[in-house]
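Heads up, run_7.txt below (compact mmCIF, N, CA and C atoms and all ligand atoms):
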# COMPACT_ATOMS: atom_id res chain seq x y z
N MET A 244 71.33 12.64 -52.38
CA MET A 244 72.44 11.73 -52.63
C MET A 244 71.91 10.31 -52.76
N ARG A 245 72.79 9.45 -53.27
CA ARG A 245 72.40 8.07 -53.46
C ARG A 245 73.01 7.22 -52.34
N ILE A 246 72.13 6.56 -51.60
CA ILE A 246 72.55 5.78 -50.43
C ILE A 246 72.45 4.30 -50.74
N LEU A 247 73.52 3.57 -50.52
CA LEU A 247 73.49 2.12 -50.63
C LEU A 247 73.33 1.54 -49.22
N TYR A 248 72.27 0.77 -49.02
CA TYR A 248 72.02 0.18 -47.70
C TYR A 248 72.03 -1.33 -47.83
N VAL A 249 73.02 -1.96 -47.21
CA VAL A 249 73.11 -3.42 -47.20
C VAL A 249 72.50 -3.88 -45.88
N GLU A 250 71.35 -4.54 -45.98
CA GLU A 250 70.54 -4.85 -44.79
C GLU A 250 69.64 -6.05 -45.10
N ASP A 251 69.58 -7.00 -44.16
CA ASP A 251 68.74 -8.18 -44.38
C ASP A 251 67.43 -8.12 -43.58
N ASN A 252 67.20 -7.01 -42.89
CA ASN A 252 65.97 -6.88 -42.11
C ASN A 252 65.05 -5.84 -42.76
N PRO A 253 63.90 -6.30 -43.31
CA PRO A 253 63.01 -5.39 -44.04
C PRO A 253 62.49 -4.23 -43.19
N ALA A 254 62.35 -4.44 -41.88
CA ALA A 254 61.83 -3.36 -41.03
C ALA A 254 62.82 -2.20 -40.98
N ASN A 255 64.10 -2.52 -40.85
CA ASN A 255 65.11 -1.47 -40.84
C ASN A 255 65.20 -0.78 -42.19
N LEU A 256 65.09 -1.57 -43.25
CA LEU A 256 65.15 -0.99 -44.59
C LEU A 256 64.00 -0.01 -44.79
N SER A 257 62.81 -0.38 -44.35
CA SER A 257 61.68 0.51 -44.58
C SER A 257 61.81 1.78 -43.74
N LEU A 258 62.37 1.66 -42.55
CA LEU A 258 62.62 2.86 -41.73
C LEU A 258 63.61 3.80 -42.42
N VAL A 259 64.71 3.23 -42.89
CA VAL A 259 65.74 4.06 -43.52
C VAL A 259 65.22 4.69 -44.81
N ARG A 260 64.44 3.92 -45.58
CA ARG A 260 63.85 4.48 -46.81
C ARG A 260 62.97 5.69 -46.49
N ARG A 261 62.21 5.57 -45.40
CA ARG A 261 61.30 6.66 -45.03
C ARG A 261 62.08 7.91 -44.66
N ILE A 262 63.12 7.73 -43.86
CA ILE A 262 63.93 8.88 -43.44
C ILE A 262 64.66 9.48 -44.65
N ALA A 263 65.16 8.60 -45.51
CA ALA A 263 65.89 9.08 -46.69
C ALA A 263 64.99 9.90 -47.60
N ARG A 264 63.75 9.45 -47.74
CA ARG A 264 62.80 10.15 -48.62
C ARG A 264 62.56 11.57 -48.13
N MET A 265 62.54 11.76 -46.81
CA MET A 265 62.34 13.10 -46.25
C MET A 265 63.43 14.07 -46.70
N GLY A 266 64.63 13.54 -46.94
CA GLY A 266 65.73 14.39 -47.39
C GLY A 266 65.95 14.30 -48.89
N ASN A 267 64.99 13.70 -49.61
CA ASN A 267 65.10 13.50 -51.05
C ASN A 267 66.32 12.67 -51.45
N HIS A 268 66.65 11.70 -50.63
CA HIS A 268 67.75 10.82 -50.95
C HIS A 268 67.22 9.52 -51.54
N GLU A 269 68.00 8.97 -52.45
CA GLU A 269 67.63 7.70 -53.09
C GLU A 269 68.28 6.55 -52.31
N VAL A 270 67.57 5.43 -52.17
CA VAL A 270 68.14 4.28 -51.46
C VAL A 270 68.17 3.07 -52.39
N ILE A 271 69.35 2.49 -52.52
CA ILE A 271 69.53 1.21 -53.23
C ILE A 271 69.83 0.20 -52.15
N SER A 272 69.26 -1.00 -52.21
CA SER A 272 69.55 -1.93 -51.13
C SER A 272 69.75 -3.36 -51.61
N TYR A 273 70.56 -4.08 -50.86
CA TYR A 273 70.79 -5.51 -51.07
C TYR A 273 70.78 -6.17 -49.71
N ILE A 274 70.47 -7.47 -49.70
CA ILE A 274 70.49 -8.19 -48.44
C ILE A 274 71.82 -8.86 -48.17
N ASP A 275 72.70 -8.88 -49.18
CA ASP A 275 74.01 -9.50 -48.96
C ASP A 275 75.13 -8.68 -49.59
N GLY A 276 76.34 -8.95 -49.12
CA GLY A 276 77.49 -8.19 -49.54
C GLY A 276 77.97 -8.52 -50.94
N GLU A 277 77.74 -9.77 -51.35
CA GLU A 277 78.18 -10.17 -52.69
C GLU A 277 77.51 -9.31 -53.76
N GLN A 278 76.20 -9.13 -53.63
CA GLN A 278 75.48 -8.31 -54.62
C GLN A 278 75.91 -6.85 -54.53
N ALA A 279 76.11 -6.37 -53.30
CA ALA A 279 76.52 -4.97 -53.13
C ALA A 279 77.85 -4.73 -53.84
N LEU A 280 78.79 -5.65 -53.68
CA LEU A 280 80.09 -5.50 -54.32
C LEU A 280 79.97 -5.64 -55.84
N ALA A 281 79.16 -6.60 -56.28
CA ALA A 281 79.03 -6.86 -57.72
C ALA A 281 78.43 -5.66 -58.45
N HIS A 282 77.53 -4.92 -57.80
CA HIS A 282 76.85 -3.80 -58.46
C HIS A 282 77.45 -2.45 -58.10
N PHE A 283 78.49 -2.46 -57.29
CA PHE A 283 78.98 -1.20 -56.73
C PHE A 283 79.33 -0.16 -57.80
N ASN A 284 80.04 -0.59 -58.82
CA ASN A 284 80.51 0.38 -59.82
C ASN A 284 79.40 0.93 -60.70
N THR A 285 78.29 0.21 -60.82
CA THR A 285 77.17 0.77 -61.57
C THR A 285 76.23 1.54 -60.63
N ASP A 286 76.15 1.14 -59.37
CA ASP A 286 75.29 1.85 -58.42
C ASP A 286 75.88 3.22 -58.07
N LYS A 287 77.21 3.30 -57.99
CA LYS A 287 77.89 4.55 -57.66
C LYS A 287 77.25 5.30 -56.50
N PRO A 288 77.17 4.68 -55.32
CA PRO A 288 76.56 5.37 -54.18
C PRO A 288 77.44 6.52 -53.67
N ASP A 289 76.79 7.48 -53.00
CA ASP A 289 77.50 8.58 -52.35
C ASP A 289 77.78 8.27 -50.89
N LEU A 290 76.99 7.34 -50.34
CA LEU A 290 77.09 6.99 -48.92
C LEU A 290 76.64 5.53 -48.77
N ILE A 291 77.29 4.82 -47.87
CA ILE A 291 76.87 3.44 -47.60
C ILE A 291 76.41 3.32 -46.15
N LEU A 292 75.27 2.65 -45.96
CA LEU A 292 74.87 2.19 -44.63
C LEU A 292 75.08 0.68 -44.66
N MET A 293 75.87 0.19 -43.74
CA MET A 293 76.25 -1.22 -43.78
C MET A 293 75.86 -1.95 -42.51
N ASP A 294 74.85 -2.80 -42.64
CA ASP A 294 74.52 -3.72 -41.55
C ASP A 294 75.70 -4.69 -41.42
N ILE A 295 75.95 -5.18 -40.23
CA ILE A 295 77.11 -6.07 -40.04
C ILE A 295 76.72 -7.54 -40.22
N GLN A 296 75.60 -7.94 -39.64
CA GLN A 296 75.13 -9.31 -39.84
C GLN A 296 74.15 -9.31 -41.00
N ILE A 297 74.62 -9.79 -42.15
CA ILE A 297 73.81 -9.75 -43.37
C ILE A 297 73.72 -11.15 -43.97
N ALA A 298 72.89 -11.29 -45.00
CA ALA A 298 72.78 -12.59 -45.68
C ALA A 298 74.06 -12.87 -46.46
N GLY A 299 74.23 -14.10 -46.89
CA GLY A 299 75.39 -14.45 -47.71
C GLY A 299 76.60 -14.81 -46.87
N ASP A 300 77.73 -14.99 -47.55
CA ASP A 300 78.93 -15.48 -46.89
C ASP A 300 79.79 -14.39 -46.28
N LEU A 301 79.60 -13.16 -46.73
CA LEU A 301 80.41 -12.05 -46.20
C LEU A 301 79.64 -11.34 -45.10
N ASN A 302 80.32 -10.87 -44.06
CA ASN A 302 79.64 -9.98 -43.13
C ASN A 302 79.91 -8.53 -43.56
N GLY A 303 79.26 -7.61 -42.90
CA GLY A 303 79.36 -6.22 -43.32
C GLY A 303 80.78 -5.68 -43.28
N LEU A 304 81.53 -6.11 -42.28
CA LEU A 304 82.90 -5.60 -42.17
C LEU A 304 83.78 -6.16 -43.28
N ASP A 305 83.52 -7.41 -43.72
CA ASP A 305 84.25 -7.96 -44.88
C ASP A 305 84.03 -7.06 -46.10
N VAL A 306 82.77 -6.64 -46.27
CA VAL A 306 82.44 -5.82 -47.44
C VAL A 306 83.15 -4.47 -47.35
N VAL A 307 83.13 -3.88 -46.15
CA VAL A 307 83.80 -2.58 -45.97
C VAL A 307 85.30 -2.71 -46.26
N LYS A 308 85.91 -3.76 -45.72
CA LYS A 308 87.35 -3.94 -45.95
C LYS A 308 87.65 -4.11 -47.44
N GLN A 309 86.79 -4.85 -48.14
CA GLN A 309 86.99 -5.05 -49.57
C GLN A 309 86.89 -3.72 -50.33
N LEU A 310 85.88 -2.92 -49.99
CA LEU A 310 85.70 -1.63 -50.67
C LEU A 310 86.90 -0.72 -50.41
N ARG A 311 87.38 -0.69 -49.18
CA ARG A 311 88.54 0.15 -48.85
C ARG A 311 89.79 -0.37 -49.57
N ALA A 312 89.94 -1.71 -49.64
CA ALA A 312 91.09 -2.30 -50.33
C ALA A 312 91.05 -1.94 -51.82
N ASP A 313 89.84 -1.79 -52.37
CA ASP A 313 89.69 -1.41 -53.77
C ASP A 313 89.87 0.09 -54.00
N GLY A 314 90.09 0.82 -52.91
CA GLY A 314 90.39 2.24 -53.04
C GLY A 314 89.20 3.17 -52.95
N HIS A 315 88.02 2.65 -52.59
CA HIS A 315 86.84 3.51 -52.49
C HIS A 315 86.88 4.31 -51.19
N THR A 316 86.68 5.62 -51.31
CA THR A 316 86.85 6.50 -50.15
C THR A 316 85.53 7.07 -49.65
N LEU A 317 84.41 6.65 -50.25
CA LEU A 317 83.13 7.24 -49.84
C LEU A 317 82.83 6.94 -48.36
N PRO A 318 82.01 7.78 -47.73
CA PRO A 318 81.67 7.55 -46.33
C PRO A 318 80.84 6.28 -46.14
N ILE A 319 81.17 5.53 -45.10
CA ILE A 319 80.45 4.31 -44.77
C ILE A 319 80.04 4.37 -43.30
N ILE A 320 78.74 4.15 -43.05
CA ILE A 320 78.21 4.13 -41.69
C ILE A 320 77.83 2.68 -41.35
N ALA A 321 78.44 2.14 -40.30
CA ALA A 321 78.07 0.80 -39.84
C ALA A 321 76.76 0.89 -39.07
N VAL A 322 75.86 -0.06 -39.33
CA VAL A 322 74.59 -0.14 -38.61
C VAL A 322 74.56 -1.53 -37.99
N THR A 323 74.66 -1.60 -36.69
CA THR A 323 74.85 -2.92 -36.10
C THR A 323 74.01 -3.17 -34.85
N ALA A 324 73.62 -4.42 -34.70
CA ALA A 324 72.90 -4.84 -33.51
C ALA A 324 73.87 -5.31 -32.44
N TYR A 325 75.14 -5.41 -32.82
CA TYR A 325 76.14 -5.82 -31.84
C TYR A 325 76.13 -4.84 -30.68
N ALA A 326 76.11 -5.34 -29.48
CA ALA A 326 76.09 -4.43 -28.34
C ALA A 326 77.29 -4.67 -27.45
N MET A 327 78.31 -5.29 -28.01
CA MET A 327 79.47 -5.61 -27.20
C MET A 327 80.48 -4.46 -27.19
N VAL A 328 81.19 -4.36 -26.09
CA VAL A 328 82.26 -3.37 -26.00
C VAL A 328 83.27 -3.67 -27.10
N GLY A 329 83.70 -2.65 -27.78
CA GLY A 329 84.71 -2.86 -28.81
C GLY A 329 84.14 -2.94 -30.21
N ASP A 330 82.81 -3.04 -30.35
CA ASP A 330 82.23 -3.13 -31.69
C ASP A 330 82.43 -1.88 -32.49
N LYS A 331 82.25 -0.75 -31.83
CA LYS A 331 82.41 0.51 -32.55
C LYS A 331 83.84 0.61 -33.09
N GLU A 332 84.81 0.27 -32.24
CA GLU A 332 86.21 0.33 -32.64
C GLU A 332 86.47 -0.62 -33.81
N ARG A 333 85.86 -1.82 -33.74
CA ARG A 333 86.07 -2.80 -34.81
C ARG A 333 85.52 -2.27 -36.14
N CYS A 334 84.38 -1.60 -36.08
CA CYS A 334 83.80 -1.03 -37.29
C CYS A 334 84.68 0.08 -37.84
N LEU A 335 85.18 0.93 -36.97
CA LEU A 335 86.01 2.05 -37.42
C LEU A 335 87.33 1.52 -37.99
N GLU A 336 87.89 0.50 -37.34
CA GLU A 336 89.14 -0.09 -37.84
C GLU A 336 88.97 -0.71 -39.22
N ALA A 337 87.78 -1.25 -39.49
CA ALA A 337 87.51 -1.88 -40.78
C ALA A 337 87.39 -0.83 -41.89
N GLY A 338 87.22 0.44 -41.49
CA GLY A 338 87.15 1.49 -42.49
C GLY A 338 85.86 2.27 -42.49
N CYS A 339 84.99 2.03 -41.50
CA CYS A 339 83.75 2.80 -41.41
C CYS A 339 84.05 4.19 -40.83
N ASP A 340 83.21 5.16 -41.21
CA ASP A 340 83.40 6.53 -40.73
C ASP A 340 82.53 6.84 -39.53
N ASP A 341 81.40 6.14 -39.45
CA ASP A 341 80.45 6.38 -38.36
C ASP A 341 79.81 5.06 -37.99
N TYR A 342 79.05 5.09 -36.91
CA TYR A 342 78.52 3.86 -36.32
C TYR A 342 77.15 4.16 -35.73
N ILE A 343 76.16 3.33 -36.09
CA ILE A 343 74.82 3.45 -35.50
C ILE A 343 74.46 2.11 -34.88
N ALA A 344 74.06 2.11 -33.61
CA ALA A 344 73.62 0.89 -32.96
C ALA A 344 72.10 0.77 -33.09
N LYS A 345 71.63 -0.43 -33.47
CA LYS A 345 70.18 -0.67 -33.54
C LYS A 345 69.64 -0.84 -32.12
N PRO A 346 68.37 -0.46 -31.88
CA PRO A 346 67.44 0.10 -32.85
C PRO A 346 67.89 1.49 -33.32
N ILE A 347 67.74 1.73 -34.62
CA ILE A 347 68.27 2.95 -35.23
C ILE A 347 67.61 4.19 -34.62
N PRO A 348 68.41 5.08 -34.01
CA PRO A 348 67.84 6.32 -33.47
C PRO A 348 67.57 7.29 -34.64
N ILE A 349 66.31 7.60 -34.86
CA ILE A 349 65.93 8.41 -36.02
C ILE A 349 66.62 9.78 -36.06
N PRO A 350 66.69 10.51 -34.93
CA PRO A 350 67.36 11.83 -35.00
C PRO A 350 68.81 11.70 -35.43
N LEU A 351 69.50 10.65 -34.99
CA LEU A 351 70.90 10.45 -35.38
C LEU A 351 71.00 10.17 -36.88
N LEU A 352 70.08 9.35 -37.39
CA LEU A 352 70.09 9.03 -38.82
C LEU A 352 69.86 10.30 -39.65
N VAL A 353 68.89 11.11 -39.23
CA VAL A 353 68.60 12.37 -39.92
C VAL A 353 69.85 13.26 -39.92
N GLU A 354 70.50 13.32 -38.76
CA GLU A 354 71.69 14.16 -38.61
C GLU A 354 72.84 13.67 -39.52
N LEU A 355 73.02 12.35 -39.57
CA LEU A 355 74.11 11.80 -40.39
C LEU A 355 73.82 11.99 -41.88
N PHE A 356 72.57 11.82 -42.29
CA PHE A 356 72.23 12.06 -43.69
C PHE A 356 72.51 13.50 -44.06
N LYS A 357 72.17 14.42 -43.16
CA LYS A 357 72.41 15.84 -43.43
C LYS A 357 73.91 16.12 -43.51
N LYS A 358 74.66 15.56 -42.56
CA LYS A 358 76.11 15.77 -42.51
C LYS A 358 76.78 15.33 -43.82
N TYR A 359 76.45 14.12 -44.27
CA TYR A 359 77.13 13.61 -45.46
C TYR A 359 76.59 14.23 -46.74
N SER A 360 75.32 14.59 -46.73
CA SER A 360 74.76 15.26 -47.89
C SER A 360 75.35 16.66 -48.05
N ASP A 361 75.53 17.37 -46.95
CA ASP A 361 76.16 18.70 -46.99
C ASP A 361 77.61 18.59 -47.46
N ALA A 362 78.32 17.59 -46.96
CA ALA A 362 79.72 17.39 -47.35
C ALA A 362 79.81 17.09 -48.85
N LEU A 363 78.85 16.31 -49.34
CA LEU A 363 78.84 15.95 -50.76
C LEU A 363 78.61 17.19 -51.62
N LYS A 364 77.67 18.04 -51.20
CA LYS A 364 77.38 19.25 -51.96
C LYS A 364 78.61 20.13 -52.07
N GLN A 365 79.36 20.21 -50.96
CA GLN A 365 80.56 21.05 -50.96
C GLN A 365 81.65 20.50 -51.85
N SER A 366 81.69 19.17 -52.00
CA SER A 366 82.78 18.56 -52.77
C SER A 366 82.40 18.33 -54.23
N GLU A 367 81.15 18.62 -54.58
CA GLU A 367 80.67 18.26 -55.91
C GLU A 367 81.44 18.88 -57.08
N PRO A 368 81.73 20.20 -57.06
CA PRO A 368 82.45 20.76 -58.21
C PRO A 368 83.77 20.04 -58.45
N GLU A 369 84.44 19.70 -57.35
CA GLU A 369 85.72 19.00 -57.45
C GLU A 369 85.54 17.61 -58.05
N GLN A 370 84.49 16.92 -57.61
CA GLN A 370 84.24 15.56 -58.11
C GLN A 370 83.92 15.56 -59.58
N GLN A 371 83.13 16.55 -60.02
CA GLN A 371 82.77 16.60 -61.43
C GLN A 371 83.99 16.87 -62.30
N ALA A 372 84.87 17.72 -61.81
CA ALA A 372 86.09 18.02 -62.56
C ALA A 372 86.95 16.75 -62.67
N THR A 373 87.01 16.02 -61.59
CA THR A 373 87.82 14.79 -61.59
C THR A 373 87.22 13.76 -62.54
N ALA A 374 85.89 13.69 -62.58
CA ALA A 374 85.22 12.69 -63.40
C ALA A 374 85.52 12.89 -64.88
N LYS A 375 85.80 14.13 -65.30
CA LYS A 375 86.01 14.41 -66.73
C LYS A 375 87.40 14.00 -67.19
N THR A 376 88.32 13.84 -66.27
CA THR A 376 89.69 13.53 -66.69
C THR A 376 89.83 12.06 -67.05
MN MN B 401 71.23 -7.98 -40.23
Now that the file is in, can you turn its structure into structure tokens?
Amino acid sequence: MRILYVEDNPANLSLVRRIARMGNHEVISYIDGEQALAHFNTDKPDLILMDIQIAGDLNGLDVVKQLRADGHTLPIIAVTAYAMVGDKERCLEAGCDDYIAKPIPIPLLVELFKKYSDALKQSEPEQQATAKT
């Protein structure tokens, strides 16, 4: 699947790229939300990993809210360094489906990639039929 990762920390990006490669997943990345939104319709990701504190004027939750307001239903996983009580709830309320706290636990990332990749495979015939209409 094609993963869009909005992240301003190169170390996290390189970790996620490595894990994604193990599952034969492609990673597209931007350091800010403006670029992610601007390229969204041509990138056509299957899954988004969204850092919350990113470069630019928008934070990750602003980007998630914008994508949901535009009607995009793809799965979004928040990746955040926030360690405050209530952060997970704030991410889910903004429209995220899952939440990963940094430092990124590799087994959890592997598990989430598998979960969403399996779900995508199951829904593919339906998506292709929809795309033709
Ligand atoms: Mn960040």
Give me, as a list in words, all polymer residues having an atom no more than 6 Å from Thr323 of chain A, counting all atoms listed in the file and skipping those fewer than 4 positions away in the same chain. Met293, Asp294, Ile295, Ile343, Ala344 and Lys345 of chain A
Using only C-alpha atoms and all ligand atoms, determine which residues fall within 7 Å of ligand MN 401 (chain B), then list them as a PyMOL selection string. chain A and resi 250-252+294-297
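The space between atom N of Arg261 of chain A and atom CA of Leu290 of chain A spans 15.4 Å.
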Among segment 246-373 of chain A, which ones does DSSP place in strand (DSSP E or B), written as number ranges by chain? A: 246-249, 269-273, 275, 290-294, 298, 319-323, 341-344
Give me, please, the distance in Å between atom CA of Leu256 of chain A and atom CA of Ser366 of chain A, quoted to one decimal. 27.6 Å
Excluding segment 356-364 of chain A and its own-chain neighbours fewer than 3 positions away, which residues fall within 8 Å of it when counting all atoms listed in the file? Please give them as a tab-separated table (two decimals) with N, CA and C atoms, in the frame of the given file.
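So the final result, stored in result-v7.tsv, reads:
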chain	number	residue	atom	x	y	z
A	244	MET	N	71.33	12.64	-52.38
A	244	MET	CA	72.44	11.73	-52.63
A	244	MET	C	71.91	10.31	-52.76
A	263	ALA	N	65.16	8.60	-45.51
A	263	ALA	CA	65.89	9.08	-46.69
A	263	ALA	C	64.99	9.90	-47.60
A	266	GLY	N	64.63	13.54	-46.94
A	266	GLY	CA	65.73	14.39	-47.39
A	266	GLY	C	65.95	14.30	-48.89
A	289	ASP	N	76.79	7.48	-53.00
A	289	ASP	CA	77.50	8.58	-52.35
A	289	ASP	C	77.78	8.27	-50.89
A	290	LEU	N	76.99	7.34	-50.34
A	290	LEU	CA	77.09	6.99	-48.92
A	290	LEU	C	76.64	5.53	-48.77
A	318	PRO	N	82.01	7.78	-47.73
A	318	PRO	CA	81.67	7.55	-46.33
A	318	PRO	C	80.84	6.28	-46.14
A	350	PRO	N	66.69	10.51	-34.93
A	350	PRO	CA	67.36	11.83	-35.00
A	350	PRO	C	68.81	11.70	-35.43
A	351	LEU	N	69.50	10.65	-34.99
A	351	LEU	CA	70.90	10.45	-35.38
A	351	LEU	C	71.00	10.17	-36.88
A	352	LEU	N	70.08	9.35	-37.39
A	352	LEU	CA	70.09	9.03	-38.82
A	352	LEU	C	69.86	10.30	-39.65
A	353	VAL	N	68.89	11.11	-39.23
A	353	VAL	CA	68.60	12.37	-39.92
A	353	VAL	C	69.85	13.26	-39.92
A	367	GLU	N	81.15	18.62	-54.58
A	367	GLU	CA	80.67	18.26	-55.91
A	367	GLU	C	81.44	18.88	-57.08
A	368	PRO	N	81.73	20.20	-57.06
A	368	PRO	CA	82.45	20.76	-58.21
A	368	PRO	C	83.77	20.04	-58.45
A	369	GLU	N	84.44	19.70	-57.35
A	369	GLU	CA	85.72	19.00	-57.45
A	369	GLU	C	85.54	17.61	-58.05
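Atom CA of Ile262 of chain A sits 28.9 Å away from atom CA of Gly314 of chain A.
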Just list the residues in segment 289-373 of chain A DSSP gives alpha helix (DSSP H) on the backbone, as a ChimeraX atom specification. /A:303-312,330-337,349-373
Since the input lacks atoms, please generate all heavy atoms for segment 306-315 of chain A and provide them as a short mmCIF file (atom, residue, chain, number, x, y, z; two decimals), in the frame of the given file.
data_model
loop_
_atom_site.label_atom_id
_atom_site.label_comp_id
_atom_site.auth_asym_id
_atom_site.auth_seq_id
_atom_site.Cartn_x
_atom_site.Cartn_y
_atom_site.Cartn_z
N VAL A 306 82.77 -6.64 -46.27
CA VAL A 306 82.44 -5.82 -47.44
C VAL A 306 83.15 -4.47 -47.35
O VAL A 306 83.71 -3.98 -48.34
CB VAL A 306 80.91 -5.62 -47.55
CG1 VAL A 306 80.56 -4.72 -48.73
CG2 VAL A 306 80.20 -6.96 -47.67
N VAL A 307 83.13 -3.88 -46.15
CA VAL A 307 83.80 -2.58 -45.97
C VAL A 307 85.30 -2.71 -46.26
O VAL A 307 85.87 -1.89 -46.97
CB VAL A 307 83.58 -2.06 -44.52
CG1 VAL A 307 84.43 -0.82 -44.26
CG2 VAL A 307 82.10 -1.77 -44.29
N LYS A 308 85.91 -3.76 -45.72
CA LYS A 308 87.35 -3.94 -45.95
C LYS A 308 87.65 -4.11 -47.44
O LYS A 308 88.64 -3.57 -47.94
CB LYS A 308 87.85 -5.17 -45.17
CG LYS A 308 87.94 -4.93 -43.67
CD LYS A 308 88.34 -6.20 -42.94
CE LYS A 308 88.18 -6.05 -41.43
NZ LYS A 308 88.23 -7.34 -40.74
N GLN A 309 86.79 -4.85 -48.14
CA GLN A 309 86.99 -5.05 -49.57
C GLN A 309 86.89 -3.72 -50.33
O GLN A 309 87.72 -3.42 -51.18
CB GLN A 309 85.95 -6.04 -50.11
CG GLN A 309 86.13 -6.38 -51.57
CD GLN A 309 87.46 -7.07 -51.84
OE1 GLN A 309 87.76 -8.12 -51.27
NE2 GLN A 309 88.30 -6.48 -52.69
N LEU A 310 85.88 -2.92 -49.99
CA LEU A 310 85.70 -1.63 -50.67
C LEU A 310 86.90 -0.72 -50.41
O LEU A 310 87.39 -0.05 -51.33
CB LEU A 310 84.42 -0.95 -50.21
CG LEU A 310 83.11 -1.62 -50.68
CD1 LEU A 310 81.92 -1.02 -49.95
CD2 LEU A 310 82.95 -1.46 -52.20
N ARG A 311 87.38 -0.69 -49.18
CA ARG A 311 88.54 0.15 -48.85
C ARG A 311 89.79 -0.37 -49.57
O ARG A 311 90.59 0.42 -50.06
CB ARG A 311 88.78 0.20 -47.34
CG ARG A 311 87.69 0.92 -46.53
CD ARG A 311 87.39 2.28 -47.06
NE ARG A 311 86.51 3.05 -46.15
CZ ARG A 311 85.63 3.95 -46.58
NH1 ARG A 311 85.47 4.20 -47.87
NH2 ARG A 311 84.89 4.63 -45.71
N ALA A 312 89.94 -1.71 -49.64
CA ALA A 312 91.09 -2.30 -50.33
C ALA A 312 91.05 -1.94 -51.82
O ALA A 312 92.09 -1.78 -52.46
CB ALA A 312 91.10 -3.81 -50.15
N ASP A 313 89.84 -1.79 -52.37
CA ASP A 313 89.69 -1.41 -53.77
C ASP A 313 89.87 0.09 -54.00
O ASP A 313 89.75 0.56 -55.12
CB ASP A 313 88.30 -1.82 -54.29
CG ASP A 313 88.13 -3.33 -54.38
OD1 ASP A 313 89.16 -4.04 -54.34
OD2 ASP A 313 86.98 -3.81 -54.48
N GLY A 314 90.09 0.82 -52.91
CA GLY A 314 90.39 2.24 -53.04
C GLY A 314 89.20 3.17 -52.95
O GLY A 314 89.33 4.37 -53.21
N HIS A 315 88.02 2.65 -52.59
CA HIS A 315 86.84 3.51 -52.49
C HIS A 315 86.88 4.31 -51.19
O HIS A 315 87.09 3.74 -50.12
CB HIS A 315 85.56 2.68 -52.56
CG HIS A 315 85.42 1.95 -53.86
ND1 HIS A 315 85.24 2.62 -55.05
CD2 HIS A 315 85.47 0.63 -54.16
CE1 HIS A 315 85.16 1.73 -56.03
NE2 HIS A 315 85.31 0.52 -55.53
#
